[in-house]
>>> print(open('target.cif').read())   # mmCIF, C-alpha atoms and all ligand atoms
data_input
loop_
_atom_site.group_PDB
_atom_site.id
_atom_site.type_symbol
_atom_site.label_atom_id
_atom_site.label_comp_id
_atom_site.auth_asym_id
_atom_site.auth_seq_id
_atom_site.Cartn_x
_atom_site.Cartn_y
_atom_site.Cartn_z
ATOM 1 C CA MET C 1 -15.530 29.956 -62.927
ATOM 2 C CA GLU C 2 -15.629 32.023 -66.113
ATOM 3 C CA LEU C 3 -14.818 35.714 -65.616
ATOM 4 C CA ILE C 4 -17.067 38.149 -67.495
ATOM 5 C CA GLY C 5 -16.306 41.855 -67.809
ATOM 6 C CA ILE C 6 -19.060 44.440 -67.677
ATOM 7 C CA ALA C 7 -19.129 48.214 -68.097
ATOM 8 C CA ALA C 8 -21.738 50.926 -68.521
ATOM 9 C CA ASP C 9 -22.207 54.668 -68.536
ATOM 10 C CA HIS C 10 -25.225 56.364 -66.961
ATOM 11 C CA GLY C 11 -27.438 55.270 -69.892
ATOM 12 C CA GLY C 12 -26.676 51.626 -69.181
ATOM 13 C CA PHE C 13 -26.006 51.734 -65.453
ATOM 14 C CA GLU C 14 -29.379 50.408 -64.343
ATOM 15 C CA LEU C 15 -29.235 47.423 -66.717
ATOM 16 C CA LYS C 16 -25.634 46.684 -65.698
ATOM 17 C CA GLU C 17 -26.671 46.536 -62.045
ATOM 18 C CA ILE C 18 -29.559 44.199 -62.922
ATOM 19 C CA LEU C 19 -27.343 41.901 -65.010
ATOM 20 C CA LYS C 20 -24.572 41.516 -62.411
ATOM 21 C CA PRO C 21 -26.486 39.389 -59.860
ATOM 22 C CA LEU C 22 -28.056 37.376 -62.695
ATOM 23 C CA LEU C 23 -24.560 36.555 -63.966
ATOM 24 C CA VAL C 24 -23.410 35.510 -60.504
ATOM 25 C CA LYS C 25 -26.519 33.357 -60.051
ATOM 26 C CA ALA C 26 -25.785 31.708 -63.407
ATOM 27 C CA GLY C 27 -22.299 30.751 -62.169
ATOM 28 C CA PHE C 28 -20.124 33.500 -63.665
ATOM 29 C CA GLN C 29 -17.614 35.695 -61.934
ATOM 30 C CA VAL C 30 -18.060 39.372 -62.793
ATOM 31 C CA LYS C 31 -15.368 42.007 -63.230
ATOM 32 C CA ASP C 32 -17.116 45.370 -63.117
ATOM 33 C CA TYR C 33 -15.131 48.039 -64.972
ATOM 34 C CA GLY C 34 -17.576 50.752 -63.879
ATOM 35 C CA ALA C 35 -19.318 53.032 -63.552
ATOM 36 C CA VAL C 36 -19.327 52.189 -59.864
ATOM 37 C CA ARG C 37 -22.194 54.576 -59.160
ATOM 38 C CA PHE C 38 -24.780 56.426 -61.238
ATOM 39 C CA ASP C 39 -23.354 59.669 -62.575
ATOM 40 C CA GLY C 40 -25.547 61.416 -65.108
ATOM 41 C CA GLU C 41 -22.520 63.337 -66.372
ATOM 42 C CA ASP C 42 -20.205 60.424 -67.101
ATOM 43 C CA ASP C 43 -19.045 59.677 -70.665
ATOM 44 C CA TYR C 44 -19.436 56.259 -72.265
ATOM 45 C CA PRO C 45 -15.976 56.291 -73.945
ATOM 46 C CA ASP C 46 -14.278 56.486 -70.529
ATOM 47 C CA LEU C 47 -16.143 53.525 -69.062
ATOM 48 C CA ILE C 48 -16.383 51.221 -72.048
ATOM 49 C CA ALA C 49 -12.677 51.793 -72.817
ATOM 50 C CA LEU C 50 -11.779 50.196 -69.469
ATOM 51 C CA LEU C 51 -13.605 46.989 -70.410
ATOM 52 C CA ALA C 52 -12.232 47.021 -73.969
ATOM 53 C CA ALA C 53 -8.683 47.489 -72.660
ATOM 54 C CA GLY C 54 -9.333 44.557 -70.327
ATOM 55 C CA ILE C 55 -10.239 42.393 -73.328
ATOM 56 C CA GLU C 56 -7.189 43.656 -75.225
ATOM 57 C CA LYS C 57 -4.924 42.764 -72.279
ATOM 58 C CA GLY C 58 -6.576 39.364 -71.849
ATOM 59 C CA GLU C 59 -7.956 40.110 -68.366
ATOM 60 C CA VAL C 60 -11.361 38.903 -69.535
ATOM 61 C CA LYS C 61 -12.309 36.902 -72.628
ATOM 62 C CA LYS C 62 -15.887 38.141 -72.969
ATOM 63 C CA GLY C 63 -17.602 41.342 -71.955
ATOM 64 C CA LEU C 64 -20.909 43.177 -71.800
ATOM 65 C CA ALA C 65 -20.933 46.865 -72.687
ATOM 66 C CA VAL C 66 -24.049 48.873 -71.937
ATOM 67 C CA CYS C 67 -24.881 52.462 -72.780
ATOM 68 C CA GLY C 68 -28.185 54.140 -73.561
ATOM 69 C CA SER C 69 -28.515 52.817 -77.094
ATOM 70 C CA GLY C 70 -25.569 50.411 -77.260
ATOM 71 C CA VAL C 71 -24.257 52.362 -80.252
ATOM 72 C CA GLY C 72 -21.590 54.401 -78.485
ATOM 73 C CA ALA C 73 -20.477 51.333 -76.539
ATOM 74 C CA SER C 74 -19.898 49.337 -79.726
ATOM 75 C CA ILE C 75 -18.048 52.196 -81.421
ATOM 76 C CA VAL C 76 -15.632 52.626 -78.528
ATOM 77 C CA ALA C 77 -15.057 48.934 -77.909
ATOM 78 C CA ASN C 78 -14.122 48.264 -81.533
ATOM 79 C CA LYS C 79 -11.305 50.809 -81.314
ATOM 80 C CA PHE C 80 -9.323 48.350 -79.182
ATOM 81 C CA LYS C 81 -7.190 45.600 -80.614
ATOM 82 C CA GLY C 82 -8.661 42.138 -80.332
ATOM 83 C CA VAL C 83 -12.118 43.445 -79.514
ATOM 84 C CA ARG C 84 -14.996 42.321 -81.718
ATOM 85 C CA ALA C 85 -18.031 44.123 -80.375
ATOM 86 C CA ALA C 86 -21.544 44.460 -81.757
ATOM 87 C CA LEU C 87 -24.808 46.036 -80.752
ATOM 88 C CA ILE C 88 -27.237 43.145 -80.445
ATOM 89 C CA THR C 89 -31.015 43.338 -80.178
ATOM 90 C CA GLU C 90 -32.134 39.713 -80.647
ATOM 91 C CA THR C 91 -30.983 36.264 -79.581
ATOM 92 C CA TYR C 92 -29.992 34.800 -82.977
ATOM 93 C CA SER C 93 -27.201 37.321 -83.474
ATOM 94 C CA ALA C 94 -26.195 37.038 -79.817
ATOM 95 C CA HIS C 95 -24.944 33.479 -80.406
ATOM 96 C CA GLN C 96 -24.294 33.552 -84.162
ATOM 97 C CA GLY C 97 -21.991 36.545 -83.689
ATOM 98 C CA VAL C 98 -19.820 34.391 -81.450
ATOM 99 C CA GLU C 99 -20.103 31.225 -83.534
ATOM 100 C CA HIS C 100 -19.205 32.841 -86.867
ATOM 101 C CA ASP C 101 -17.361 36.042 -85.980
ATOM 102 C CA ASP C 102 -15.823 35.314 -82.585
ATOM 103 C CA MET C 103 -17.635 38.361 -81.148
ATOM 104 C CA ASN C 104 -16.272 38.937 -77.666
ATOM 105 C CA VAL C 105 -18.197 42.020 -76.519
ATOM 106 C CA LEU C 106 -21.985 42.139 -76.481
ATOM 107 C CA CYS C 107 -23.285 45.712 -76.566
ATOM 108 C CA LEU C 108 -26.719 46.483 -75.218
ATOM 109 C CA GLY C 109 -28.913 49.566 -75.145
ATOM 110 C CA GLY C 110 -30.092 50.066 -71.588
ATOM 111 C CA ARG C 111 -32.749 52.514 -72.725
ATOM 112 C CA VAL C 112 -33.944 50.292 -75.558
ATOM 113 C CA ILE C 113 -34.143 46.705 -74.427
ATOM 114 C CA GLY C 114 -36.190 45.061 -71.695
ATOM 115 C CA ILE C 115 -34.567 43.052 -68.914
ATOM 116 C CA ALA C 116 -35.911 39.642 -70.004
ATOM 117 C CA LEU C 117 -34.675 39.993 -73.586
ATOM 118 C CA ALA C 118 -31.362 41.457 -72.427
ATOM 119 C CA TRP C 119 -30.805 38.453 -70.179
ATOM 120 C CA GLU C 120 -31.747 35.940 -72.909
ATOM 121 C CA MET C 121 -29.238 37.621 -75.226
ATOM 122 C CA VAL C 122 -26.562 37.543 -72.538
ATOM 123 C CA GLU C 123 -27.230 33.834 -71.926
ATOM 124 C CA ALA C 124 -27.051 33.080 -75.672
ATOM 125 C CA PHE C 125 -23.832 35.107 -76.026
ATOM 126 C CA LEU C 126 -22.112 33.449 -73.072
ATOM 127 C CA ALA C 127 -23.129 29.903 -74.014
ATOM 128 C CA ALA C 128 -21.907 30.257 -77.594
ATOM 129 C CA ASN C 129 -18.506 29.176 -78.866
ATOM 130 C CA TYR C 130 -16.595 30.232 -81.962
ATOM 131 C CA ILE C 131 -16.845 27.474 -84.589
ATOM 132 C CA GLY C 132 -13.512 28.358 -86.161
ATOM 133 C CA GLY C 133 -11.758 26.714 -89.062
ATOM 134 C CA GLY C 134 -12.545 26.995 -92.777
ATOM 135 C CA ARG C 135 -14.382 30.094 -93.905
ATOM 136 C CA PHE C 136 -14.815 31.419 -90.365
ATOM 137 C CA GLN C 137 -11.106 31.462 -89.632
ATOM 138 C CA ARG C 138 -10.354 32.830 -93.111
ATOM 139 C CA ARG C 139 -12.616 35.813 -92.364
ATOM 140 C CA LEU C 140 -11.284 36.291 -88.857
ATOM 141 C CA ASP C 141 -7.727 36.240 -90.213
ATOM 142 C CA LYS C 142 -8.695 39.099 -92.546
ATOM 143 C CA LEU C 143 -9.963 41.122 -89.576
ATOM 144 C CA ILE C 144 -6.762 40.429 -87.670
ATOM 145 C CA GLU C 145 -4.789 41.617 -90.688
ATOM 146 C CA PHE C 146 -6.729 44.911 -90.682
ATOM 147 C CA GLU C 147 -5.971 45.297 -86.993
ATOM 148 C CA GLN C 148 -2.280 44.662 -87.470
ATOM 149 C CA HIS C 149 -2.171 47.251 -90.224
ATOM 150 C CA ASN C 150 -4.412 49.881 -88.665
ATOM 151 C CA PHE C 151 -3.751 49.555 -84.932
ATOM 152 C CA LYS C 152 -0.017 50.165 -84.913
ATOM 153 C CA LYS C 153 1.010 51.430 -81.510
ATOM 154 C CA ILE C 154 4.115 53.590 -81.262
ATOM 155 C CA GLU C 155 6.128 52.033 -78.471
ATOM 156 C CA SER C 156 8.323 54.579 -76.688
HETATM 157 C C1 LIG C 201 -25.824 59.021 -72.792
HETATM 158 O O1 LIG C 201 -26.792 59.991 -72.547
HETATM 159 C C2 LIG C 201 -26.005 58.331 -74.132
HETATM 160 O O2 LIG C 201 -25.747 59.223 -75.156
HETATM 161 C C3 LIG C 201 -25.111 57.117 -74.211
HETATM 162 O O3 LIG C 201 -25.408 56.260 -73.161
HETATM 163 C C4 LIG C 201 -25.229 56.233 -75.449
HETATM 164 O O4 LIG C 201 -26.554 56.005 -75.795
HETATM 165 C C5 LIG C 201 -24.397 56.557 -76.586
HETATM 166 O O5 LIG C 201 -24.377 55.823 -77.588
#
>>> encode(input="target.cif", output="structure tokens")
Amino acid sequence: MELIGIAADHGGFELKEILKPLLVKAGFQVKDYGAVRFDGEDDYPDLIALLAAGIEKGEVKKGLAVCGSGVGASIVANKFKGVRAALITETYSAHQGVEHDDMNVLCLGGRVIGIALAWEMVEAFLAANYIGGGRFQRRLDKLIEFEQHNFKKIES
């Protein structure tokens, strides 16, 4: 069973809770990185960072990050090595982002998108596979090079 990570702040909490049972029904296992309960004072960087770190560590291969607009979620997630996150609002990009760019985190705006469209985008994202090879791998290699140069961690 494929394990999917999910995280949300208060702006995305409701949509996260709606998506979880849909994912289970569709045959996925869900790792919920929080928030575990609605907290109108929580901060999206804290929650989305847990999912992004999970992707970086290889705990999960794909994740869903939800905040109010999806903007903050995508900004935070992309600060982690190996994370390729994007705010998606339609189904074409939900699968093409995986096929061409190996996108591994789908960011959604809980205050922007309806449940039916959100679920169709999630389905498209999860069913898609990276095409790889040729021009796709050449571009991905360039991104990985940026990461290696810019995401140097000082090991103590
Ligand atoms: C929280 O109120 C809201 O700012 C946050 O969920 C998100 O939309 C940020 O991008």
>>> closest_atom_pairs(input="target.cif", of="chain C", to="ligand LIG 201 (chain C)", cutoff="7 Å", atoms="only C-alpha atoms and all ligand atoms", output="CSV")
residue,atom,partner,partner_atom,distance
C:Asp9,CA,C:LIG201,O3,5.8
C:His10,CA,C:LIG201,O3,6.2
C:Gly11,CA,C:LIG201,O3,4.0
C:Gly12,CA,C:LIG201,O3,6.2
C:Tyr44,CA,C:LIG201,O3,6.0
C:Cys67,CA,C:LIG201,O3,3.9
C:Gly68,CA,C:LIG201,O4,3.3
C:Ser69,CA,C:LIG201,O4,4.0
C:Gly70,CA,C:LIG201,O5,5.6
C:Val71,CA,C:LIG201,O5,4.4
C:Gly72,CA,C:LIG201,O5,3.3
C:Ala73,CA,C:LIG201,O5,6.0
C:Gly109,CA,C:LIG201,O4,6.9
>>> resolve_selection(input="target.cif", expression="the PyMOL selection byres (((chain C and resi 124) around 9) and not hetatm)", output="compact mmCIF listing (two decimals) with C-alpha atoms, keeping the file's coordinate frame")
# COMPACT_ATOMS: atom_id res chain seq x y z
CA THR C 91 -30.98 36.26 -79.58
CA TYR C 92 -29.99 34.80 -82.98
CA SER C 93 -27.20 37.32 -83.47
CA ALA C 94 -26.20 37.04 -79.82
CA HIS C 95 -24.94 33.48 -80.41
CA GLN C 96 -24.29 33.55 -84.16
CA TRP C 119 -30.80 38.45 -70.18
CA GLU C 120 -31.75 35.94 -72.91
CA MET C 121 -29.24 37.62 -75.23
CA VAL C 122 -26.56 37.54 -72.54
CA GLU C 123 -27.23 33.83 -71.93
CA PHE C 125 -23.83 35.11 -76.03
CA LEU C 126 -22.11 33.45 -73.07
CA ALA C 127 -23.13 29.90 -74.01
CA ALA C 128 -21.91 30.26 -77.59
>>> atom_distance(input="target.cif", atom1="atom CA of C:Leu47", atom2="atom CA of C:Ala8")
6.2 Å
>>> residues_around(input="target.cif", residues="C:Asp102", least_positions_apart="5", cutoff="10 Å", atoms="all atoms listed in the file", output="PyMOL selection string")
chain C and resi 83-85+95-97+128-132+136-137+140
>>> atom_distance(input="target.cif", atom1="atom CA of C:Gly82", atom2="atom CA of C:Ile55")
7.2 Å
>>> closest_residue(input="target.cif", among="C:Gly134, C:Thr89, C:Phe38, C:Lys152", to="C:Gly114", atoms="only C-alpha atoms")
C:Thr89
>>> atom_distance(input="target.cif", atom1="atom CA of C:Glu99", atom2="atom CA of C:Asn78")
18.2 Å
>>> closest_residue(input="target.cif", among="C:His149, C:Leu22, C:Ala7, C:Ala86", to="C:Pro45", atoms="all atoms listed in the file")
C:Ala7
>>> closest_residue(input="target.cif", among="C:Glu90, C:Glu145, C:Asp39, C:Asp46", to="C:Ala65", atoms="all atoms listed in the file")
C:Asp46
>>> closest_residue(input="target.cif", among="C:Lys61, C:Val30, C:Lys79, C:Ser74", to="C:Val98", atoms="only C-alpha atoms")
C:Lys61
>>> residues_around(input="target.cif", residues="C:Gly5", least_positions_apart="6", cutoff="7 Å", atoms="all atoms listed in the file", output="ChimeraX atom specification")
/C:30-33,51,60,62-64
>>> residues_around(input="target.cif", residues="C:Glu2", least_positions_apart="3", cutoff="8 Å", atoms="only C-alpha atoms", output="list in words")
Gly27, Phe28 and Gln29 of chain C
>>> closest_residue(input="target.cif", among="C:Val66, C:Lys25, C:Ala49, C:Met1", to="C:Val112", atoms="all atoms listed in the file")
C:Val66
>>> axis_aligned_box(input="target.cif", around="stretch 138-156 of chain C", padding_each_side="8 Å", output="JSON")
{"center_x": -2.1, "center_y": 43.7, "center_z": -84.9, "size_x": 36.9, "size_y": 37.7, "size_z": 32.4}
>>> resolve_selection(input="target.cif", expression="the PyMOL selection byres (((chain C and resi 17) around 10) and not hetatm)", output="list in words")
Ile6, Ala7, Ala8, Gly12, Phe13, Glu14, Leu15, Lys16, Ile18, Leu19, Lys20, Pro21, Leu22, Asp32, Ala35, Val36 and Arg37 of chain C
>>> decode(input="target.cif", residues="stretch 26-44 of chain C", atoms="N, CA and C atoms", output="compact mmCIF listing (two decimals), in the first residue's frame")
# COMPACT_ATOMS: atom_id res chain seq x y z
N ALA C 26 -9.44 5.08 -1.34
CA ALA C 26 -8.83 4.85 -2.66
C ALA C 26 -7.64 3.88 -2.57
N GLY C 27 -7.35 3.38 -1.35
CA GLY C 27 -6.33 2.34 -1.21
C GLY C 27 -4.96 2.85 -0.80
N PHE C 28 -4.87 4.07 -0.32
CA PHE C 28 -3.59 4.62 0.14
C PHE C 28 -3.52 4.56 1.67
N GLN C 29 -2.27 4.51 2.13
CA GLN C 29 -2.04 4.63 3.56
C GLN C 29 -1.63 6.08 3.81
N VAL C 30 -2.12 6.68 4.86
CA VAL C 30 -1.87 8.11 5.07
C VAL C 30 -1.01 8.34 6.30
N LYS C 31 0.05 9.13 6.12
CA LYS C 31 0.84 9.57 7.28
C LYS C 31 0.53 11.05 7.49
N ASP C 32 -0.16 11.33 8.57
CA ASP C 32 -0.61 12.70 8.86
C ASP C 32 0.45 13.40 9.71
N TYR C 33 1.08 14.41 9.14
CA TYR C 33 2.13 15.16 9.84
C TYR C 33 1.54 16.32 10.66
N GLY C 34 0.23 16.42 10.73
CA GLY C 34 -0.42 17.48 11.49
C GLY C 34 -0.91 18.59 10.59
N ALA C 35 -1.64 19.52 11.15
CA ALA C 35 -2.01 19.64 12.55
C ALA C 35 -2.98 18.52 12.95
N VAL C 36 -2.87 18.09 14.21
CA VAL C 36 -3.73 17.01 14.66
C VAL C 36 -5.11 17.52 15.07
N ARG C 37 -5.19 18.80 15.40
CA ARG C 37 -6.49 19.40 15.69
C ARG C 37 -6.49 20.84 15.17
N PHE C 38 -7.68 21.39 14.98
CA PHE C 38 -7.76 22.78 14.49
C PHE C 38 -7.23 23.73 15.55
N ASP C 39 -6.29 24.56 15.13
CA ASP C 39 -5.74 25.59 16.01
C ASP C 39 -5.56 26.85 15.16
N GLY C 40 -6.45 27.78 15.36
CA GLY C 40 -6.46 29.00 14.56
C GLY C 40 -5.20 29.83 14.68
N GLU C 41 -4.35 29.48 15.63
CA GLU C 41 -3.10 30.24 15.85
C GLU C 41 -1.87 29.51 15.32
N ASP C 42 -2.06 28.33 14.73
CA ASP C 42 -0.85 27.61 14.29
C ASP C 42 -0.24 28.27 13.05
N ASP C 43 1.01 27.94 12.78
CA ASP C 43 1.77 28.57 11.67
C ASP C 43 2.11 27.54 10.62
N TYR C 44 1.78 27.85 9.36
CA TYR C 44 1.99 26.86 8.29
C TYR C 44 3.45 26.39 8.17
